[in-house]
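Working notes for the structure below.
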Amino acid sequence: MNKALKVTISIIVLCSSLLAGCGGSATSSSAGTVDDDGHITIEFWHALGGNSGDVIEDMITQFNQSQPEITVIGTYQGGYASSMAKLWNALSAKTPPAIAQIGGAPLVGNTGALVPITEFLDQSESFDREAIWDVFWDYNSAGDKIWSMPFNHSVPMLFYNRDLFVAAGIDPDQPPENWDEVIQYGQLLTADTDNNGEIDQWGFNTKPDTHWFLSTMFMQNGVEIVNTEETEVLYTSPEAVEMLKLWGDFVHEHNIMPPNQHNEAKGDFLAGKLGIVLMSSSNVPSTIQDAPFNVGVSMMPTIAGKERIVPVGGASLIILDHDNELIKQAAWTFIEFMSSQESSLYLSTHTGYLPIYESALEWPELQNYLAEDPRSGVPILQLEYAQSIPLFSALGSSDAQLRMAVEAIELGTASPQEALDHAKEVVDNIIAENLEDF
Amino acid sequence: MSEAESLAKMTISSSSRKKQRQRKENLSAYAYLAPSLLIFAVFTFFPAIFSGVASFFRWNLPYDPVFAGLKNYEFLFVDDIGAAEFGNAVLNTLYFMLGIPINILVSLWIAVMLNRRLPAVGIFRTAFFLPTLTSMAAISVVWMWLYHPADYGLFNSILIRFGLPIQAWLRDPLLAMPCLIVLGVWRGMGYNIVIFLAGLQSIPHDLYEASKIDGANWFGQFRRITLPLLSPTTFYIAIIGVINSLKAFTEIDIMTQGGPLGATTTLAYYLYQYAFQYFQIGLASTVAVVLFVFILVLTLIQFKVVERRVHYG
Amino acid sequence: MDDIAVPEVKSQTYLKSKRFQSAAGKWLWYIVLTLSAFIVVLPFIWMASTSLKGPGEIFTYPPQWIPQEWRFQNYIDAFQAAPFARYFYNSAVVAICVTIGQLVSCSLAAYAFARMEFKGKGLLFSLFLTTTMISTQVTLVPSYLIIQKLHWIDTYQGLIVPFIANAFGVFMLRQAFMTIPDELEEAAKLDGCSRLRFMIQICLPLIKPALAAQALFAFMGTWNAYLWPLVITNRQEMRTLQIGLRYFVSQEGGTQWGVYMAAAMIVILPVVAIYFTVQKSFVEGIATTGLKG
């Protein structure tokens, strides 16, 4: 054997022996371990970073310290998208954690990877499911099973710059109640403040999850997103077209919203260059803190004369299936804690997520918190009008298609009917495909 | 043994010795290639073949894969909606590649300028390399302000000062791609400058000295010495420029999410969408196969056409 | 008459003189470079400035370059926010190992392609080249499955081994090896030098700039990697700096931009330092090319 070959082989052997020695050891089960003395350690994958991430870590610590049998190890897995990707990878490899936090869990209920919460709820004597808003149970169910435990939910809200309102002659304590007022106020707020011929202050805009806000308008106008059999989407009706047209009018007719600038919306709002913005309620505490002006928070506008309805959003906790009963039970114990009244209170007073309990407004601690800043209470007040959009299999694609329809309308490249027809065609195809396989 | 026999024996043994030598040479070469090949086999070839096979399945995570034959390919090439999307991605990809020659020219010019031993040149070299180093996520905030569509975005505020109309930049379907190309050049030049510097350094100084004695000026030197001797480096940069620009997607994900109206959806971003947003691994694999063939063809063309003009030592 | 003529002639000569031209050239060089460098570095300056701002100052128009209140606290917050020291250690170990691994594997392979003749050379070279064309996004799922089968999740080997080979590096070093004249090799052979020794003792020093470049890229690529470390590490202790950085960004509000930028600055510093040290070798590379040898 020649020298080069010898050298190469020895390098490879050396490196592998070095590497084999170092590095952490993999846990025997990816979901958790049960010690000889009965102590259980389980893995929890969550998607919250930043301030919310710190809060969830605190809650995990509280749980671990509250009892000696179970230790939960929480790890941040990136935002919702990357957490989902990681989870699906882990499921493919059959190495999932014990608990995870995702949005839209019911969509994958029938894969057999999740354990329905219903089982545990039925067994549990202590957990009061009636106390939680029905809408959250709807949002976490598919078929007759509840697939995930409500945890960090949110609703869409209207944020406005009180200082700009005053400057435009609008009463800051009278935020717009309906879309007509939004247009009216928007026109007063839109201005060219430095008189150089370009509008540099807009009246109205939304964050990039435009599908959510459009869905709100659909629901308000009586549009069902999907039919009961979940075989086709229904937003090509005249009522839906009317709403998409209204959206387009914000840009073209009434000139209160710049076309297709949703990525800039939050930054513009914080910089005092935007009068009204639609965002998730989870943005409330950070917006109030970061904005150098007085922030107003109010409920989503309605269609004048029609009912107030809003969708819900956010994420929930799921239990991944596992051979070991003890681990599943431990997972449930943890979830019971994380969605208990105490935890819900903690979460909602430290982040912008909503308390999931109907009685929340009567809790003295929450009342104290709200007394300090009533704005945090507005999202909670909106909960009684919340409804869940059915979680059908192609919901992700449907949302994406609605965003593209909005984009097309704002840029004027399609009529509302055309845009929605196209979206329906794409989504119905995907639904059909999914039904074929399953 | 007769003379003829011994002559024959000598000839045979010398040619078999040659064969033996060649065999030793082969084994030696394979040994040199072995570490790389081993890693590639496990972590690149196997996954690639796996993906190639996956392109014939419908595999929507977290469900199990289902055999689908050529359905995915049909979607990309035949289906009305799928082919429109796919064709759009191909065109955008070709458009995005316009940044490569720009990048090469800019990097070369800067590398030549930095190829001196003057004081503070180290600081300048580091400055031009910074864009390549900074995390895209952090720097995108800055770039979104540069490209802000209102009149207070940096570029627009400059335009206004000269009485020009403001632009929507990233939010304008026509301008979005050029904006990303500029961003790409800004990000990528550091990498190319480093390689050009290394290449420039390997050109022997005596050649320049000799030509100066012959009376050549700077431009003549550049044309007759620098460019030809730099051609292996330039060739390398062109090849990897094509490959990298065809794989780029982070900037697109952060700045435009493939829009507006799909104007910045390149094949790589299209692939990313299907793999990480829609979790349709089967279809994503199909796009990956097509992208691979695309890159392969382009690279082969470059090799056949351009390498002939490359001047090696 | 003569007295008036002399200064005129002298000044003309000076203007045409090499000294003036090279001085003027130098100044021009400095000015052009400074302007271009400034434009290029502008976004980075913005990042640095934001890293010292408190929350109220970040989203202002017109943007403020110099913060009114310098918040060095951001940097302390960044360090304390996550186990940054551990992340730093992990990133460093992985980056260094990958760099060494790549230098070794790429030099060997590049040398073979550049200076050896063997059966299947063309095919193998094409094979190497094709590895660069394979998109990482789709190979992610199968690669993950392999790592999992090897039980390399949450390990250093999982983070290092897949990246020890790099076809870009092979290609670049091949180009570099090809510029070494054959006469040198002949001479070495005559001296009885083995091929491996020739490569290590003579060729490698001659292509130092290319090696330095490759080392830099290997380090940088690994240091900045986000997707792969995220996918194959589940535990905090095994995570790298880039993941730690992403933790600061919250999709639903609450991103502390000042602290985030401070963290981003911290993460960049080692690579900047390495680059600054290494870039000299691109210049001080070779005094001779051995043509005289």
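Please note that chains go A, B, ... in the order of the structure tokens, that every chain numbers its residues from 1, and that ligands are numbered from 1 in the order shown.
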Could you please select, counting only C-alpha atoms, the residues of chain B within 7 Å of chain A and state them as an mmCIF file with N, CA and C atoms, in the first residue's frame?
```cif
data_model
loop_
_atom_site.group_PDB
_atom_site.id
_atom_site.type_symbol
_atom_site.label_atom_id
_atom_site.label_comp_id
_atom_site.auth_asym_id
_atom_site.auth_seq_id
_atom_site.Cartn_x
_atom_site.Cartn_y
_atom_site.Cartn_z
ATOM 1 N N SER B 28 -3.067 5.603 -6.075
ATOM 2 C CA SER B 28 -2.608 6.766 -5.328
ATOM 3 C C SER B 28 -3.608 7.897 -5.433
ATOM 4 N N ALA B 31 -6.645 7.350 -3.525
ATOM 5 C CA ALA B 31 -6.421 7.575 -2.100
ATOM 6 C C ALA B 31 -6.533 9.064 -1.764
ATOM 7 N N TYR B 32 -5.999 9.893 -2.667
ATOM 8 C CA TYR B 32 -6.084 11.334 -2.444
ATOM 9 C C TYR B 32 -7.538 11.806 -2.467
ATOM 10 N N LEU B 61 -45.466 16.169 3.921
ATOM 11 C CA LEU B 61 -45.236 15.948 5.347
ATOM 12 C C LEU B 61 -46.450 16.378 6.145
ATOM 13 N N PRO B 62 -46.734 15.759 7.257
ATOM 14 C CA PRO B 62 -46.054 14.607 7.840
ATOM 15 C C PRO B 62 -46.622 13.260 7.410
ATOM 16 N N TYR B 63 -47.375 13.259 6.295
ATOM 17 C CA TYR B 63 -47.905 11.985 5.816
ATOM 18 C C TYR B 63 -46.798 11.164 5.172
ATOM 19 N N ALA B 150 -41.600 54.776 0.630
ATOM 20 C CA ALA B 150 -42.054 56.153 0.874
ATOM 21 C C ALA B 150 -40.894 57.114 0.645
ATOM 22 N N ASP B 151 -41.170 58.396 0.741
ATOM 23 C CA ASP B 151 -40.114 59.353 0.405
ATOM 24 C C ASP B 151 -39.059 59.481 1.494
ATOM 25 N N ARG B 171 -41.285 46.755 -3.738
ATOM 26 C CA ARG B 171 -42.728 46.503 -3.818
ATOM 27 C C ARG B 171 -43.253 46.772 -5.215
ATOM 28 N N LEU B 261 -46.132 39.756 -6.816
ATOM 29 C CA LEU B 261 -46.722 39.027 -7.938
ATOM 30 C C LEU B 261 -45.743 38.002 -8.505
ATOM 31 N N PHE B 276 -40.392 24.028 2.516
ATOM 32 C CA PHE B 276 -40.492 24.501 3.893
ATOM 33 C C PHE B 276 -41.750 25.270 4.229
ATOM 34 N N GLN B 277 -42.551 25.630 3.226
ATOM 35 C CA GLN B 277 -43.790 26.316 3.571
ATOM 36 C C GLN B 277 -45.002 25.440 3.312
#
```
* **Residues within 8 Å of Leu180 of chain B, only C-alpha atoms, excluding chain neighbours under 6 positions, as a PyMOL selection string** => chain B and resi 170+251-252
For the selection just defined, write its residues with N, CA and C atoms to a file, as an mmCIF file, in the first residue's frame.
```cif
data_model
loop_
_atom_site.group_PDB
_atom_site.id
_atom_site.type_symbol
_atom_site.label_atom_id
_atom_site.label_comp_id
_atom_site.auth_asym_id
_atom_site.auth_seq_id
_atom_site.Cartn_x
_atom_site.Cartn_y
_atom_site.Cartn_z
ATOM 1 N N LEU B 170 -38.663 47.449 -3.812
ATOM 2 C CA LEU B 170 -38.963 46.029 -3.614
ATOM 3 C C LEU B 170 -40.443 45.716 -3.797
ATOM 4 N N GLU B 251 -32.122 35.911 0.859
ATOM 5 C CA GLU B 251 -32.461 37.314 0.676
ATOM 6 C C GLU B 251 -33.907 37.444 0.207
ATOM 7 N N ILE B 252 -34.284 36.553 -0.702
ATOM 8 C CA ILE B 252 -35.644 36.610 -1.237
ATOM 9 C C ILE B 252 -36.650 36.330 -0.136
#
```
* **Backbone-only DSSP, helix (DSSP H, G or I) members of segment 120-200 of chain B, as a VMD selection string** => chain B and resid 121 to 133 136 to 146 154 to 161 169 to 171 176 to 200
Closest pair table for chain C residues within 7 Å of chain B, only C-alpha atoms, as a Markdown table:
```
| residue | atom | partner | partner_atom | distance |
| --- | --- | --- | --- | --- |
| C:Ala37 | CA | B:Ala127 | CA | 6.0 |
| C:Val40 | CA | B:Phe128 | CA | 6.5 |
| C:Val41 | CA | B:Ala127 | CA | 6.2 |
| C:Pro43 | CA | B:Val142 | CA | 5.8 |
| C:Trp46 | CA | B:Val142 | CA | 6.9 |
| C:Tyr61 | CA | B:Tyr152 | CA | 6.9 |
| C:Pro62 | CA | B:Tyr152 | CA | 6.8 |
| C:Ser105 | CA | B:Ser36 | CA | 5.6 |
| C:Leu108 | CA | B:Tyr32 | CA | 4.9 |
| C:Ala109 | CA | B:Leu33 | CA | 4.6 |
| C:Ala112 | CA | B:Ala29 | CA | 5.5 |
| C:Met116 | CA | B:Ala29 | CA | 6.9 |
| C:Phe118 | CA | B:Asn26 | CA | 4.8 |
| C:Lys119 | CA | B:Asn26 | CA | 6.2 |
| C:Thr130 | CA | B:Leu296 | CA | 7.0 |
| C:Thr131 | CA | B:Thr44 | CA | 6.5 |
| C:Met133 | CA | B:Phe292 | CA | 5.7 |
| C:Ile134 | CA | B:Phe292 | CA | 6.0 |
| C:Ser135 | CA | B:Ala288 | CA | 6.5 |
| C:Gln137 | CA | B:Tyr272 | CA | 6.6 |
| C:Val138 | CA | B:Ser285 | CA | 6.1 |
| C:Thr139 | CA | B:Pro47 | CA | 5.1 |
| C:Pro142 | CA | B:Pro47 | CA | 5.2 |
| C:Ser143 | CA | B:Pro47 | CA | 5.9 |
| C:Pro162 | CA | B:Phe43 | CA | 5.8 |
| C:Ala165 | CA | B:Ser36 | CA | 4.8 |
| C:Met172 | CA | B:Tyr236 | CA | 6.7 |
| C:Gln175 | CA | B:Pro232 | CA | 6.1 |
| C:Met178 | CA | B:Tyr312 | CA | 6.7 |
| C:Thr179 | CA | B:Gly313 | CA | 4.3 |
| C:Ile180 | CA | B:Gly313 | CA | 6.6 |
| C:Pro181 | CA | B:Gly313 | CA | 6.5 |
| C:Pro209 | CA | B:Ala198 | CA | 4.9 |
| C:Ala210 | CA | B:Ala198 | CA | 5.6 |
| C:Ala213 | CA | B:Val194 | CA | 6.5 |
| C:Met261 | CA | B:Ala138 | CA | 6.7 |
| C:Ala264 | CA | B:Ala138 | CA | 6.8 |
| C:Ile268 | CA | B:Thr134 | CA | 6.3 |
| C:Tyr275 | CA | B:Thr126 | CA | 6.9 |
| C:Phe276 | CA | B:Thr126 | CA | 6.0 |
| C:Phe282 | CA | B:Ala198 | CA | 5.2 |
| C:Val283 | CA | B:Gln201 | CA | 6.0 |
| C:Gly285 | CA | B:Gln201 | CA | 6.4 |
| C:Ile286 | CA | B:Ser202 | CA | 7.0 |
| C:Thr288 | CA | B:Pro204 | CA | 6.9 |
| C:Thr289 | CA | B:Pro204 | CA | 6.4 |
```
Could you turn the residues from that selection into a file that holds C-alpha atoms, as a CSV table (one decimal), in the first residue's frame?
```csv
chain,number,residue,atom,x,y,z
C,37,ALA,CA,-15.8,51.5,1.2
C,40,VAL,CA,-20.4,49.5,1.1
C,41,VAL,CA,-20.2,49.7,4.8
C,43,PRO,CA,-25.7,49.3,6.2
C,46,TRP,CA,-26.5,51.5,10.7
C,61,TYR,CA,-37.7,59.1,10.5
C,62,PRO,CA,-35.5,60.8,9.6
C,105,SER,CA,-9.6,16.9,2.1
C,108,LEU,CA,-5.6,16.1,-1.4
C,109,ALA,CA,-8.3,15.9,-3.9
C,112,ALA,CA,-4.9,14.7,-7.6
C,116,MET,CA,-2.0,13.4,-11.5
C,118,PHE,CA,-5.5,8.5,-13.6
C,119,LYS,CA,-8.3,6.4,-14.9
C,130,THR,CA,-22.0,18.1,-9.5
C,131,THR,CA,-22.1,18.0,-5.7
C,133,MET,CA,-25.2,21.8,-7.9
C,134,ILE,CA,-27.3,19.9,-5.4
C,135,SER,CA,-29.6,22.1,-3.4
C,137,GLN,CA,-32.9,22.4,1.0
C,138,VAL,CA,-34.2,19.2,-0.4
C,139,THR,CA,-31.3,17.0,0.7
C,142,PRO,CA,-32.7,12.6,3.9
C,143,SER,CA,-29.5,14.0,5.5
C,162,PRO,CA,-21.0,16.4,6.6
C,165,ALA,CA,-15.7,17.8,2.0
C,172,MET,CA,-10.3,26.5,-6.3
C,175,GLN,CA,-6.8,26.0,-10.2
C,178,MET,CA,-2.3,24.0,-11.8
C,179,THR,CA,-0.3,27.2,-11.9
C,180,ILE,CA,2.8,25.4,-10.4
C,181,PRO,CA,5.2,24.7,-13.2
C,209,PRO,CA,-3.1,32.7,-0.7
C,210,ALA,CA,-5.6,30.1,-2.1
C,213,ALA,CA,-8.9,32.0,1.2
C,261,MET,CA,-28.2,44.2,16.7
C,264,ALA,CA,-25.4,40.4,15.7
C,268,ILE,CA,-19.6,39.0,13.5
C,275,TYR,CA,-10.3,38.0,8.1
C,276,PHE,CA,-8.3,41.1,9.2
C,282,PHE,CA,-3.2,37.3,0.3
C,283,VAL,CA,-0.7,40.0,-0.4
C,285,GLY,CA,2.0,35.5,-0.5
C,286,ILE,CA,4.9,34.6,-2.7
C,288,THR,CA,9.2,33.9,-5.9
C,289,THR,CA,7.2,31.4,-7.8
```
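Going from atom CA of Ile309 of chain A to atom CA of Ile380 of chain A covers 13.7 Å.
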* To do: Would you list the contacts of segment 132-148 of chain A as a VMD selection string, taking every protein, DNA or RNA residue within 6 Å and counting only C-alpha atoms, but skipping same-chain residues closer than 6 positions in sequence?
  => chain A and resid 106 116 to 118 316 to 318 356 to 358 387 to 388
* Expected answer as a PyMOL selection string: strand (DSSP E) residues in segment 38-245 of chain A -> chain A and resi 40-46+70-76+99-102+141-142+145-146+149-154+156-161+202-206
* To do: Write out as JSON, numbers by chain the residues lying within 8 Å of segment 233-239 of chain A, counting only C-alpha atoms and excluding same-chain residues fewer than 4 positions away.
  => {"A": [218, 221, 222, 223, 224, 225, 226, 227, 243, 417, 420, 421, 424, 427, 428]}
* Asked: Near Phe293 of chain A, within 10 Å and counting only C-alpha atoms, which residues show up once chain neighbours fewer than 5 positions away are dropped, as a list in words?
  -> Asn161, Arg162, Asp163, Leu164, Leu270, Ala271, Gly272 and Ile288 of chain A; Gly56 of chain C
* Asked: Residues at most 12 Å from Gln148 of chain C, counting only C-alpha atoms, excluding those fewer than 5 positions away in the same chain, as a PyMOL selection string?
  -> (chain A and resi 26-30+89-96) or (chain C and resi 141-143+153-155+157-158+231-234)
* To do: Write out as a count of residues only each polymer residue whose atoms come within 12 Å of Glu410 of chain A, counting only C-alpha atoms; drop sequence neighbours fewer than 4 positions from it.
  => 33
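Restricting the calculation to only C-alpha atoms, the smallest distance between chain C and any of A:His39, A:Arg375, A:His46, A:Arg129 is found for A:His46.
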